[in-house]
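Asker: The structure follows.
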Amino acid sequence: MLTYIIRRLIGAFAMLVVISMVTFGIFYVVPQWAGATPEAMASRYVGRAATPETVHLVAERLGFYDPVVVQYGNFVKGIFAGAQYDYGAGVEHCPAPCFGYSFITGQPVWPDLLDRLPVTFSLAIGAAIIWVIAGVSVGVLSALRRGSFFDRLTMGTALAGVSLPIFFTGMISLVVFSYGLGWTPPGGAWTDFSANPAEWAYNLLLPWITLAFLFAATYARLTRAGMLETMGEDYIRTARAKGLRERQVVVKHGLRATLTPILTLFGIDFGLLIGGAILTETTYTLPGLGQYAILAIRTQDMPQVMGVVLVAAMFVVVASLIVDLLYAVVDPRVRLS
Amino acid sequence: MSFLDVKDLKIHFPTDDGLVKSVDGLSFGVERGKTLGIVGESGSGKSVTSQSILGLHKGGRARLSGEIWLDGEELIEASTEHVRSLRGKKMAMIFQDPLSSMHPYYTVGQQIIEAYRIHNDVSKQVARKHAIDMLGRVGIPEPAKRVDSYPHEFSGGMRQRAMIAMALSCDPELLIADEPTTALDVTVQAQILDLMRDLQREFNSALIIITHDLGVVAELSDDILVMYGGKCVEYGTAEDVFYRPEHPYTWGLLGSMPRLDREPTERLLPIKGSPPSLINVPPGCAFHPRCPYAERTGDRATTEVPALAETEGGHLVRCHMSREERRGLWENEIKPVLETQ
Ligand SMILES: Nc1ncnc2c1ncn2[C@@H]1O[C@H](COP(=O)(O)OP(=O)(O)OP(=O)(O)O)[C@@H](O)[C@H]1O
Ligand code: SF4
Ligand SMILES: [Mg+2]
């Protein structure tokens, strides 16, 4: 068990290193290969009006003339130890974890990311709770009543759920529930949980349901397929032969085995969502990481984009690490291998 | 009436291809302390029969008819809930493949504890002690330690012992073992069979052992029932069926018994052909397409279903040949071949 944990931790760490290299490569090295000069990159920091001398100076101070390896080293050092930016006019200290400064606002990227994290996190957590409960229970029920009206209705809906893009369902629900019926606030409403939990939930209700619908559909289909398979297993027959009540056979023996593989999927989905529920946040104009990423890309704010990408990747890696560890708890056979 | 008395049991499954007559008019009985062996090829309906006694086909697609009397109570008409309450307590089952029959995510102990607590209102601690006890009784070394192991951490033989411990945890009065040793190698097979015999004596339960290997049941059983295509073709004491068999199918089973002194591929009197379709059962005697003596009974083999008739002292045989003819064949043609070494 301990070696398993250590192996997974090392794996996760290696993954993060690779991701940071790739990200760094995409944003700093590839542009240079493509012909961007250090001056051109530095000019993004100082604006178009600067004289060539200033640009040259800034490029030098930002280290754009250094070999790539040194640049990457400085970048990593910034994340762990913080960095000093010398603009000539003054020295800015960027505390760890330093993802650099935004081209546009001149603000350090990290505090911005921290600001937006709670929004995305709230969105993801609420949606996840809804989709897991709804998806799994619908999946179980339709597996138990295969071929029934309920089964066909829910599986038809689920098919729609997986195939309809979120901006479509999102728009429709906004039009119907916010603008039409006035039940929920239109997009853009965000209240901090600590400020007013009820309002926090009320504002997020529609995004939660829309996002959950998409995922619940997948989970319902997976749970149904899994249950159909599991309930035919020999150990289910054993459980019945013991005289266990059918409800317990389904939950304790059937569902227990069905949920284990779904756990992996959940970890990855959840990690991805924290990384940025881009479409949902854009549709409902929620000030989360996904929206931040979109804005950053539109304004070509490289340090911002890179910051989001790295943080998102980190969440995916951490989530799948947690799932791997949980898996060992849930499936005893994993501990051996 | 016997402790377990099955009368004219029929189990039919409606499928897209037609009605599968898995069991078609089966009658047998077992007393407390006695053992019945049910023998037949794959697909002859052995498992369906045993599972229907436990009521595992209730509420499913299967169409059941006939009577199953257990200790004076009829089970086919009984409510699902009532039969459930008997399962595990009054009657229990051991399955063929102990690895797939145990839940991979629960420890062996948890599974025995669960079985015990369904029918006994005791604390987890008490049930755990009982589980350790049971594991010890079925011959698992260091039961207090192994109780927390998972099924995949046990060897095949140990797993089957654990299954037996689980089945016996509530002192069932009827124990059905559905091919309990098929998944095990020969030496372990013998150990498990010995264990079952000892436990049966200790618990004085009625035991049904299902197998496709006559050798397994010969020394263990009091009675033997030979099944072919969902019907009984020969039924009698173990002595009768083993030493004076009268049905050509039983001869075939005896002739195809694996023997330690021969290659597995080398069988003395193999049964040609394959088991019958259960949807379009061959007309007349269901065994006639494979029977070497079919011509002896002429047209009747293909037109008239032979009755299960008594030949002597409760020994039943389903064949058109006369008693004398069958005995003559056995003594003069079959037995000498089986006895050649
Ligand atoms: N639920 C079902 N629906 C349709 N047919 C079934 C069903 N269950 C069993 N059968 C059929 O009933 C027949 C008898 O099956 P059964 O499992 O009792 O055979 P068996 O004698 O135990 O064979 P084996 O030695 O392979 O275990 C088989 O042909 C099988 O296909
Ligand atoms: S009735 Fe005829 S075909 Fe059937 S077993 Fe007897 S001899 Fe063979
Ligand atoms: Mg079987």
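Chain labels A, B, ... are given in the sequence in which chains occur in the structure tokens; within each chain residues are numbered consecutively from 1, and ligands are likewise numbered from 1 in the order shown.
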What lies within 7 Å of Ala59 of chain A using only C-alpha atoms, ignoring chain neighbours under 3 positions off, as a list in words?
Answerer: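 Surrounding residues, per the criterion: Pro38, Glu39, Ala42, Val55, His56, Leu62, Gly63, Phe64 and Tyr65 of chain A.
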Asker: Can you tell me, as number ranges by chain, what residues are no more than 8 Å from segment 110-125 of chain A when counting only C-alpha atoms, ignoring any on the same chain fewer than 3 positions away?
Answerer: A: 97-100, 128-129, 190, 204, 207-208, 270, 273-274, 276-277, 286-290, 292, 307-308
Asker: Which neighbours of Gly161 of chain A fall inside 7 Å, counting only C-alpha atoms, when residues of the same chain fewer than 6 positions from it are skipped, and could you give them as number ranges by chain?
Answerer: A: 213-214, 217
Asker: Name the residues of segment 93-327 of chain B that fall into alpha helix (DSSP H) according to DSSP on the backbone, using the chain letters and numbers of this document, as number ranges by chain.
Answerer: B: 98-101, 108-119, 124-137, 143-146, 156-168, 186-203, 214-218, 238-243, 248-255, 300-303, 323-327
Asker: May I have the residues of chain B within 8 Å of chain A, counting only C-alpha atoms, written as an NGL selection string?
Answerer: :B and (54 or 56 or 84-89 or 92-93 or 95 or 100-105 or 115 or 118 or 150 or 152 or 167)
Asker: Using N, CA and C atoms, can you write the selected residues to a file as a short mmCIF file (atom, residue, chain, number, x, y, z; two decimals), in the first residue's frame?
Answerer:
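Resulting contents of out_4.cif:
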```
data_model
loop_
_atom_site.label_atom_id
_atom_site.label_comp_id
_atom_site.auth_asym_id
_atom_site.auth_seq_id
_atom_site.Cartn_x
_atom_site.Cartn_y
_atom_site.Cartn_z
N LEU B 54 -34.17 -22.89 -4.02
CA LEU B 54 -33.91 -21.73 -3.17
C LEU B 54 -34.81 -20.54 -3.52
N LEU B 56 -34.66 -18.79 -6.26
CA LEU B 56 -33.92 -17.73 -6.94
C LEU B 56 -34.53 -17.39 -8.30
N ARG B 84 -37.49 -15.92 0.83
CA ARG B 84 -36.25 -15.21 1.14
C ARG B 84 -35.83 -15.44 2.58
N SER B 85 -36.81 -15.43 3.48
CA SER B 85 -36.46 -15.59 4.89
C SER B 85 -35.95 -17.00 5.19
N LEU B 86 -36.28 -17.96 4.32
CA LEU B 86 -35.76 -19.31 4.52
C LEU B 86 -34.37 -19.48 3.92
N ARG B 87 -34.11 -18.68 2.90
CA ARG B 87 -32.83 -18.78 2.20
C ARG B 87 -31.69 -18.43 3.14
N GLY B 88 -30.65 -19.23 3.11
CA GLY B 88 -29.52 -18.93 3.97
C GLY B 88 -29.70 -19.50 5.35
N LYS B 89 -30.94 -19.61 5.80
CA LYS B 89 -31.17 -20.13 7.14
C LYS B 89 -31.58 -21.59 7.10
N ALA B 92 -29.33 -23.58 2.18
CA ALA B 92 -28.20 -22.76 1.73
C ALA B 92 -27.54 -23.43 0.55
N MET B 93 -26.69 -22.65 -0.12
CA MET B 93 -26.12 -23.15 -1.36
C MET B 93 -24.64 -22.83 -1.47
N PHE B 95 -21.67 -22.53 -4.38
CA PHE B 95 -21.63 -22.41 -5.83
C PHE B 95 -20.33 -22.95 -6.42
N SER B 100 -15.68 -16.12 -8.35
CA SER B 100 -16.68 -15.19 -8.87
C SER B 100 -17.92 -15.16 -7.98
N SER B 101 -18.07 -16.16 -7.10
CA SER B 101 -19.25 -16.18 -6.25
C SER B 101 -19.09 -15.40 -4.96
N MET B 102 -17.89 -14.89 -4.73
CA MET B 102 -17.73 -14.04 -3.55
C MET B 102 -17.50 -12.61 -4.02
N HIS B 103 -17.99 -11.67 -3.25
CA HIS B 103 -17.87 -10.27 -3.65
C HIS B 103 -16.41 -9.83 -3.52
N PRO B 104 -15.84 -9.30 -4.62
CA PRO B 104 -14.41 -8.98 -4.57
C PRO B 104 -14.07 -7.84 -3.61
N TYR B 105 -15.03 -7.01 -3.26
CA TYR B 105 -14.70 -5.83 -2.47
C TYR B 105 -14.92 -6.00 -0.97
N ALA B 115 -23.91 -12.90 6.15
CA ALA B 115 -24.81 -14.06 6.04
C ALA B 115 -25.39 -14.43 7.40
N ILE B 118 -28.02 -11.72 8.80
CA ILE B 118 -29.33 -11.63 8.15
C ILE B 118 -30.37 -12.39 8.97
N TYR B 150 -9.25 -10.76 1.80
CA TYR B 150 -10.21 -10.68 0.70
C TYR B 150 -10.18 -11.99 -0.08
N HIS B 152 -9.66 -12.73 -3.09
CA HIS B 152 -8.55 -12.94 -4.03
C HIS B 152 -7.25 -13.28 -3.32
N ALA B 167 -22.01 -20.73 3.83
CA ALA B 167 -23.28 -21.44 3.63
C ALA B 167 -23.74 -22.11 4.92
#
```
Asker: Which residues sit within 10 Å of ligand 2, counting only C-alpha atoms and all ligand atoms, listed as a ChimeraX atom specification?
Answerer: /B:233,246-250,284-302,304-307,317-322,325-326
Asker: May I have the selected residues written with N, CA and C atoms, as a tab-separated table (two decimals), in the first residue's frame?
Answerer:
```tsv
chain	number	residue	atom	x	y	z
B	233	VAL	N	-33.53	-39.50	-16.11
B	233	VAL	CA	-33.52	-40.73	-16.91
B	233	VAL	C	-33.22	-41.96	-16.05
B	246	GLU	N	-28.93	-48.97	-15.58
B	246	GLU	CA	-29.71	-49.59	-16.66
B	246	GLU	C	-29.97	-48.66	-17.82
B	247	HIS	N	-29.62	-47.40	-17.68
B	247	HIS	CA	-29.91	-46.49	-18.79
B	247	HIS	C	-28.65	-46.27	-19.64
B	248	PRO	N	-28.81	-46.32	-20.97
B	248	PRO	CA	-27.65	-46.14	-21.84
B	248	PRO	C	-26.91	-44.82	-21.59
B	249	TYR	N	-27.63	-43.78	-21.18
B	249	TYR	CA	-26.96	-42.50	-20.91
B	249	TYR	C	-26.06	-42.62	-19.67
B	250	THR	N	-26.55	-43.31	-18.66
B	250	THR	CA	-25.74	-43.53	-17.46
B	250	THR	C	-24.49	-44.34	-17.81
B	284	GLY	N	-39.95	-38.44	-28.98
B	284	GLY	CA	-39.74	-39.78	-28.43
B	284	GLY	C	-38.75	-39.73	-27.28
B	285	CYS	N	-37.81	-40.65	-27.27
B	285	CYS	CA	-36.77	-40.62	-26.25
B	285	CYS	C	-35.76	-39.53	-26.60
B	286	ALA	N	-35.59	-38.56	-25.70
B	286	ALA	CA	-34.74	-37.41	-25.99
B	286	ALA	C	-33.30	-37.83	-26.26
B	287	PHE	N	-32.92	-39.01	-25.80
B	287	PHE	CA	-31.54	-39.47	-25.95
B	287	PHE	C	-31.32	-40.21	-27.26
B	288	HIS	N	-32.40	-40.48	-28.02
B	288	HIS	CA	-32.24	-41.39	-29.16
B	288	HIS	C	-31.20	-40.97	-30.21
B	289	PRO	N	-31.02	-39.65	-30.48
B	289	PRO	CA	-30.03	-39.34	-31.51
B	289	PRO	C	-28.61	-39.77	-31.11
B	290	ARG	N	-28.37	-39.96	-29.82
B	290	ARG	CA	-27.03	-40.29	-29.38
B	290	ARG	C	-26.94	-41.71	-28.84
B	291	CYS	N	-28.06	-42.39	-28.82
B	291	CYS	CA	-28.07	-43.70	-28.15
B	291	CYS	C	-27.62	-44.81	-29.09
B	292	PRO	N	-26.61	-45.61	-28.68
B	292	PRO	CA	-26.13	-46.70	-29.55
B	292	PRO	C	-27.15	-47.83	-29.69
B	293	TYR	N	-28.18	-47.84	-28.83
B	293	TYR	CA	-29.13	-48.95	-28.84
B	293	TYR	C	-30.50	-48.53	-29.36
B	294	ALA	N	-30.55	-47.35	-29.99
B	294	ALA	CA	-31.83	-46.80	-30.41
B	294	ALA	C	-32.60	-47.76	-31.32
B	295	GLU	N	-31.87	-48.48	-32.21
B	295	GLU	CA	-32.60	-49.36	-33.14
B	295	GLU	C	-33.32	-50.48	-32.40
B	296	ARG	N	-32.77	-50.87	-31.27
B	296	ARG	CA	-33.36	-51.98	-30.53
B	296	ARG	C	-34.81	-51.68	-30.13
B	297	THR	N	-35.13	-50.41	-29.98
B	297	THR	CA	-36.50	-50.10	-29.58
B	297	THR	C	-37.33	-49.62	-30.76
B	298	GLY	N	-36.73	-49.70	-31.94
B	298	GLY	CA	-37.47	-49.43	-33.17
B	298	GLY	C	-38.08	-48.05	-33.24
B	299	ASP	N	-39.28	-47.94	-33.79
B	299	ASP	CA	-39.97	-46.68	-33.96
B	299	ASP	C	-40.26	-45.98	-32.64
B	300	ARG	N	-40.45	-46.78	-31.63
B	300	ARG	CA	-40.84	-46.18	-30.35
B	300	ARG	C	-39.81	-45.17	-29.86
B	301	ALA	N	-38.53	-45.39	-30.20
B	301	ALA	CA	-37.49	-44.46	-29.75
B	301	ALA	C	-37.75	-43.05	-30.25
B	302	THR	N	-38.36	-42.94	-31.45
B	302	THR	CA	-38.55	-41.61	-32.02
B	302	THR	C	-39.98	-41.11	-31.90
B	304	GLU	N	-42.36	-42.25	-29.14
B	304	GLU	CA	-43.03	-42.36	-27.84
B	304	GLU	C	-42.05	-42.01	-26.72
B	305	VAL	N	-42.44	-41.08	-25.87
B	305	VAL	CA	-41.57	-40.72	-24.75
B	305	VAL	C	-41.60	-41.86	-23.74
B	306	PRO	N	-40.44	-42.46	-23.44
B	306	PRO	CA	-40.46	-43.56	-22.47
B	306	PRO	C	-40.84	-43.06	-21.09
B	307	ALA	N	-41.55	-43.89	-20.35
B	307	ALA	CA	-41.94	-43.49	-18.99
B	307	ALA	C	-40.80	-43.81	-18.04
B	317	VAL	N	-35.97	-46.13	-14.21
B	317	VAL	CA	-35.24	-45.98	-15.47
B	317	VAL	C	-36.20	-45.53	-16.55
B	318	ARG	N	-35.74	-44.61	-17.40
B	318	ARG	CA	-36.58	-44.11	-18.48
B	318	ARG	C	-36.03	-44.65	-19.81
B	319	CYS	N	-36.48	-45.83	-20.19
B	319	CYS	CA	-35.99	-46.44	-21.44
B	319	CYS	C	-37.00	-47.47	-21.92
B	320	HIS	N	-37.14	-47.57	-23.26
B	320	HIS	CA	-38.11	-48.50	-23.82
B	320	HIS	C	-37.65	-49.95	-23.76
B	321	MET	N	-36.33	-50.14	-23.65
B	321	MET	CA	-35.86	-51.52	-23.63
B	321	MET	C	-36.43	-52.23	-22.40
B	322	SER	N	-36.54	-53.53	-22.53
B	322	SER	CA	-37.07	-54.28	-21.38
B	322	SER	C	-35.98	-54.42	-20.34
B	325	GLU	N	-33.38	-56.98	-21.19
B	325	GLU	CA	-32.48	-56.54	-22.26
B	325	GLU	C	-31.40	-55.60	-21.71
B	326	ARG	N	-31.83	-54.65	-20.87
B	326	ARG	CA	-30.90	-53.68	-20.30
B	326	ARG	C	-29.89	-54.38	-19.41
```
Asker: What does the distance between atom CA of Ser43 of chain A and atom CA of Ala81 of chain A come to in Å, to one decimal place?
Answerer: 26.0 Å
Asker: Would you write out, as JSON lines, a table of all residues in chain B that have an atom no more than 10 Å from an atom of ligand 3, listing for each the closest atom pair and the distance in Å to one decimal, considering only C-alpha atoms and all ligand atoms and ordering rows by chain and rising residue number?
Answerer:
```
{"residue": "B:Gly40", "atom": "CA", "partner": "ligand 3", "partner_atom_place_in_ligand_line": "1 (Mg)", "distance": 9.5}
{"residue": "B:Glu41", "atom": "CA", "partner": "ligand 3", "partner_atom_place_in_ligand_line": "1 (Mg)", "distance": 9.1}
{"residue": "B:Ser42", "atom": "CA", "partner": "ligand 3", "partner_atom_place_in_ligand_line": "1 (Mg)", "distance": 6.7}
{"residue": "B:Gly43", "atom": "CA", "partner": "ligand 3", "partner_atom_place_in_ligand_line": "1 (Mg)", "distance": 7.1}
{"residue": "B:Ser44", "atom": "CA", "partner": "ligand 3", "partner_atom_place_in_ligand_line": "1 (Mg)", "distance": 8.3}
{"residue": "B:Gly45", "atom": "CA", "partner": "ligand 3", "partner_atom_place_in_ligand_line": "1 (Mg)", "distance": 7.1}
{"residue": "B:Lys46", "atom": "CA", "partner": "ligand 3", "partner_atom_place_in_ligand_line": "1 (Mg)", "distance": 5.6}
{"residue": "B:Ser47", "atom": "CA", "partner": "ligand 3", "partner_atom_place_in_ligand_line": "1 (Mg)", "distance": 4.1}
{"residue": "B:Val48", "atom": "CA", "partner": "ligand 3", "partner_atom_place_in_ligand_line": "1 (Mg)", "distance": 7.2}
{"residue": "B:Thr49", "atom": "CA", "partner": "ligand 3", "partner_atom_place_in_ligand_line": "1 (Mg)", "distance": 9.2}
{"residue": "B:Ser50", "atom": "CA", "partner": "ligand 3", "partner_atom_place_in_ligand_line": "1 (Mg)", "distance": 8.9}
{"residue": "B:Gln51", "atom": "CA", "partner": "ligand 3", "partner_atom_place_in_ligand_line": "1 (Mg)", "distance": 9.5}
{"residue": "B:Phe95", "atom": "CA", "partner": "ligand 3", "partner_atom_place_in_ligand_line": "1 (Mg)", "distance": 8.9}
{"residue": "B:Gln96", "atom": "CA", "partner": "ligand 3", "partner_atom_place_in_ligand_line": "1 (Mg)", "distance": 7.7}
{"residue": "B:Asp178", "atom": "CA", "partner": "ligand 3", "partner_atom_place_in_ligand_line": "1 (Mg)", "distance": 6.6}
{"residue": "B:Glu179", "atom": "CA", "partner": "ligand 3", "partner_atom_place_in_ligand_line": "1 (Mg)", "distance": 7.0}
{"residue": "B:Ile210", "atom": "CA", "partner": "ligand 3", "partner_atom_place_in_ligand_line": "1 (Mg)", "distance": 8.0}
{"residue": "B:Thr211", "atom": "CA", "partner": "ligand 3", "partner_atom_place_in_ligand_line": "1 (Mg)", "distance": 8.0}
{"residue": "B:His212", "atom": "CA", "partner": "ligand 3", "partner_atom_place_in_ligand_line": "1 (Mg)", "distance": 8.9}
```
Asker: Go ahead and save the residues from that selection, with C-alpha atoms, as a short mmCIF file (atom, residue, chain, number, x, y, z; two decimals), in the first residue's frame.
Answerer:
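The resulting file, result.cif, is reproduced below:
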```
data_model
loop_
_atom_site.label_atom_id
_atom_site.label_comp_id
_atom_site.auth_asym_id
_atom_site.auth_seq_id
_atom_site.Cartn_x
_atom_site.Cartn_y
_atom_site.Cartn_z
CA GLY B 40 -25.82 -34.80 -15.90
CA GLU B 41 -23.97 -33.11 -18.73
CA SER B 42 -23.70 -29.37 -19.07
CA GLY B 43 -27.09 -27.84 -19.82
CA SER B 44 -29.15 -30.71 -18.45
CA GLY B 45 -30.85 -28.38 -15.96
CA LYS B 46 -29.01 -29.15 -12.73
CA SER B 47 -28.32 -25.58 -11.69
CA VAL B 48 -31.76 -24.35 -12.68
CA THR B 49 -33.28 -27.08 -10.51
CA SER B 50 -31.19 -26.25 -7.46
CA GLN B 51 -31.69 -22.52 -7.80
CA PHE B 95 -21.63 -22.41 -5.83
CA GLN B 96 -19.30 -23.72 -8.46
CA ASP B 178 -23.68 -26.94 -7.19
CA GLU B 179 -20.51 -28.41 -8.65
CA ILE B 210 -24.67 -31.52 -8.20
CA THR B 211 -21.96 -32.56 -10.60
CA HIS B 212 -21.31 -33.81 -14.10
#
```
Asker: Using only C-alpha atoms, which residues sit within 7 Å of Met227 of chain A once same-chain residues fewer than 4 positions away are excluded, as a PyMOL selection string?
Answerer: chain A and resi 140+143+223+231+254-255+258
Asker: Output all heavy atoms of each residue in that selection to a file, as a PDB file, in the first residue's frame.
Answerer:
```
ATOM      1  N   VAL A 140     -29.436   3.408 -11.786  1.00  0.00           N
ATOM      2  CA  VAL A 140     -29.793   2.190 -11.055  1.00  0.00           C
ATOM      3  C   VAL A 140     -31.239   1.802 -11.336  1.00  0.00           C
ATOM      4  O   VAL A 140     -31.539   0.656 -11.678  1.00  0.00           O
ATOM      5  CB  VAL A 140     -29.589   2.384  -9.539  1.00  0.00           C
ATOM      6  CG1 VAL A 140     -30.193   1.224  -8.770  1.00  0.00           C
ATOM      7  CG2 VAL A 140     -28.114   2.508  -9.221  1.00  0.00           C
ATOM      8  N   ALA A 143     -31.770   0.463 -14.790  1.00  0.00           N
ATOM      9  CA  ALA A 143     -31.210  -0.884 -14.953  1.00  0.00           C
ATOM     10  C   ALA A 143     -32.143  -1.918 -14.331  1.00  0.00           C
ATOM     11  O   ALA A 143     -32.383  -2.984 -14.888  1.00  0.00           O
ATOM     12  CB  ALA A 143     -29.832  -0.970 -14.303  1.00  0.00           C
ATOM     13  N   THR A 223     -23.925   4.170 -15.249  1.00  0.00           N
ATOM     14  CA  THR A 223     -24.408   3.417 -14.095  1.00  0.00           C
ATOM     15  C   THR A 223     -25.355   2.315 -14.550  1.00  0.00           C
ATOM     16  O   THR A 223     -25.282   1.183 -14.073  1.00  0.00           O
ATOM     17  CB  THR A 223     -25.150   4.340 -13.113  1.00  0.00           C
ATOM     18  OG1 THR A 223     -24.304   5.439 -12.808  1.00  0.00           O
ATOM     19  CG2 THR A 223     -25.518   3.613 -11.842  1.00  0.00           C
ATOM     20  N   MET A 231     -25.340  -6.899 -11.898  1.00  0.00           N
ATOM     21  CA  MET A 231     -26.436  -7.679 -11.324  1.00  0.00           C
ATOM     22  C   MET A 231     -26.509  -9.087 -11.909  1.00  0.00           C
ATOM     23  O   MET A 231     -27.242  -9.932 -11.405  1.00  0.00           O
ATOM     24  CB  MET A 231     -27.778  -6.957 -11.516  1.00  0.00           C
ATOM     25  CG  MET A 231     -27.920  -5.688 -10.675  1.00  0.00           C
ATOM     26  SD  MET A 231     -27.631  -5.894  -8.918  1.00  0.00           S
ATOM     27  CE  MET A 231     -29.146  -6.698  -8.413  1.00  0.00           C
ATOM     28  N   GLY A 254     -24.561  -4.755  -5.563  1.00  0.00           N
ATOM     29  CA  GLY A 254     -24.561  -4.315  -6.950  1.00  0.00           C
ATOM     30  C   GLY A 254     -23.928  -2.943  -7.119  1.00  0.00           C
ATOM     31  O   GLY A 254     -22.928  -2.780  -7.814  1.00  0.00           O
ATOM     32  N   LEU A 255     -24.476  -1.967  -6.422  1.00  0.00           N
ATOM     33  CA  LEU A 255     -24.024  -0.592  -6.591  1.00  0.00           C
ATOM     34  C   LEU A 255     -22.573  -0.434  -6.151  1.00  0.00           C
ATOM     35  O   LEU A 255     -21.794   0.281  -6.776  1.00  0.00           O
ATOM     36  CB  LEU A 255     -24.939   0.337  -5.786  1.00  0.00           C
ATOM     37  CG  LEU A 255     -24.871   1.808  -6.163  1.00  0.00           C
ATOM     38  CD1 LEU A 255     -25.136   1.990  -7.636  1.00  0.00           C
ATOM     39  CD2 LEU A 255     -25.870   2.615  -5.348  1.00  0.00           C
ATOM     40  N   THR A 258     -20.504  -1.395  -8.955  1.00  0.00           N
ATOM     41  CA  THR A 258     -20.704  -0.557 -10.137  1.00  0.00           C
ATOM     42  C   THR A 258     -20.022   0.801  -9.979  1.00  0.00           C
ATOM     43  O   THR A 258     -19.474   1.352 -10.918  1.00  0.00           O
ATOM     44  CB  THR A 258     -22.207  -0.338 -10.381  1.00  0.00           C
ATOM     45  OG1 THR A 258     -22.840  -1.607 -10.475  1.00  0.00           O
ATOM     46  CG2 THR A 258     -22.456   0.438 -11.649  1.00  0.00           C
TER      47      THR A 258
END
```
Asker: I want to know what sits within 6 Å of segment 22-36 of chain B, based on only C-alpha atoms, with residues of the same chain fewer than 2 positions away left out; could you give that as number ranges by chain?
Answerer: B: 2-12, 20, 45, 204-208, 221-224, 230-231
Asker: Within 9 Å of Tyr284 of chain A, counting only C-alpha atoms, which residues qualify if same-chain residues fewer than 3 places away don't, as a PyMOL selection string?
Answerer: chain A and resi 170-171+174+186-189+206-207+279-281
Asker: Given the choices B:Gly157, B:Pro282, B:Gly60, B:Gly328, which gets closest to ligand 1 if the distance is worked out from only C-alpha atoms and all ligand atoms?
Answerer: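 Smallest separation from ligand 1 among the options: B:Gly60.
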Asker: Which residue, B:Leu338, B:Leu329, B:Val281, B:Ala177, has the smallest gap to Gly37 of chain B when you use only C-alpha atoms?
Answerer: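 Closest residue, counting only C-alpha atoms: B:Ala177.
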Asker: Please provide the set of residues having any atom within 8 Å of Leu325 of chain A, restricted to only C-alpha atoms, with same-chain residues fewer than 3 positions apart removed, written as a list in words.
Answerer: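 These residues fall inside the cut-off: Ile5, Arg8, Leu321, Ile322, Ala328 and Val329 of chain A.
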Asker: So, with only C-alpha atoms as the atoms that count, which of A:Gly275, A:Gly226, A:Gly126, A:Pro197 lies closest to Pro261 of chain A?
Answerer: A:Gly226
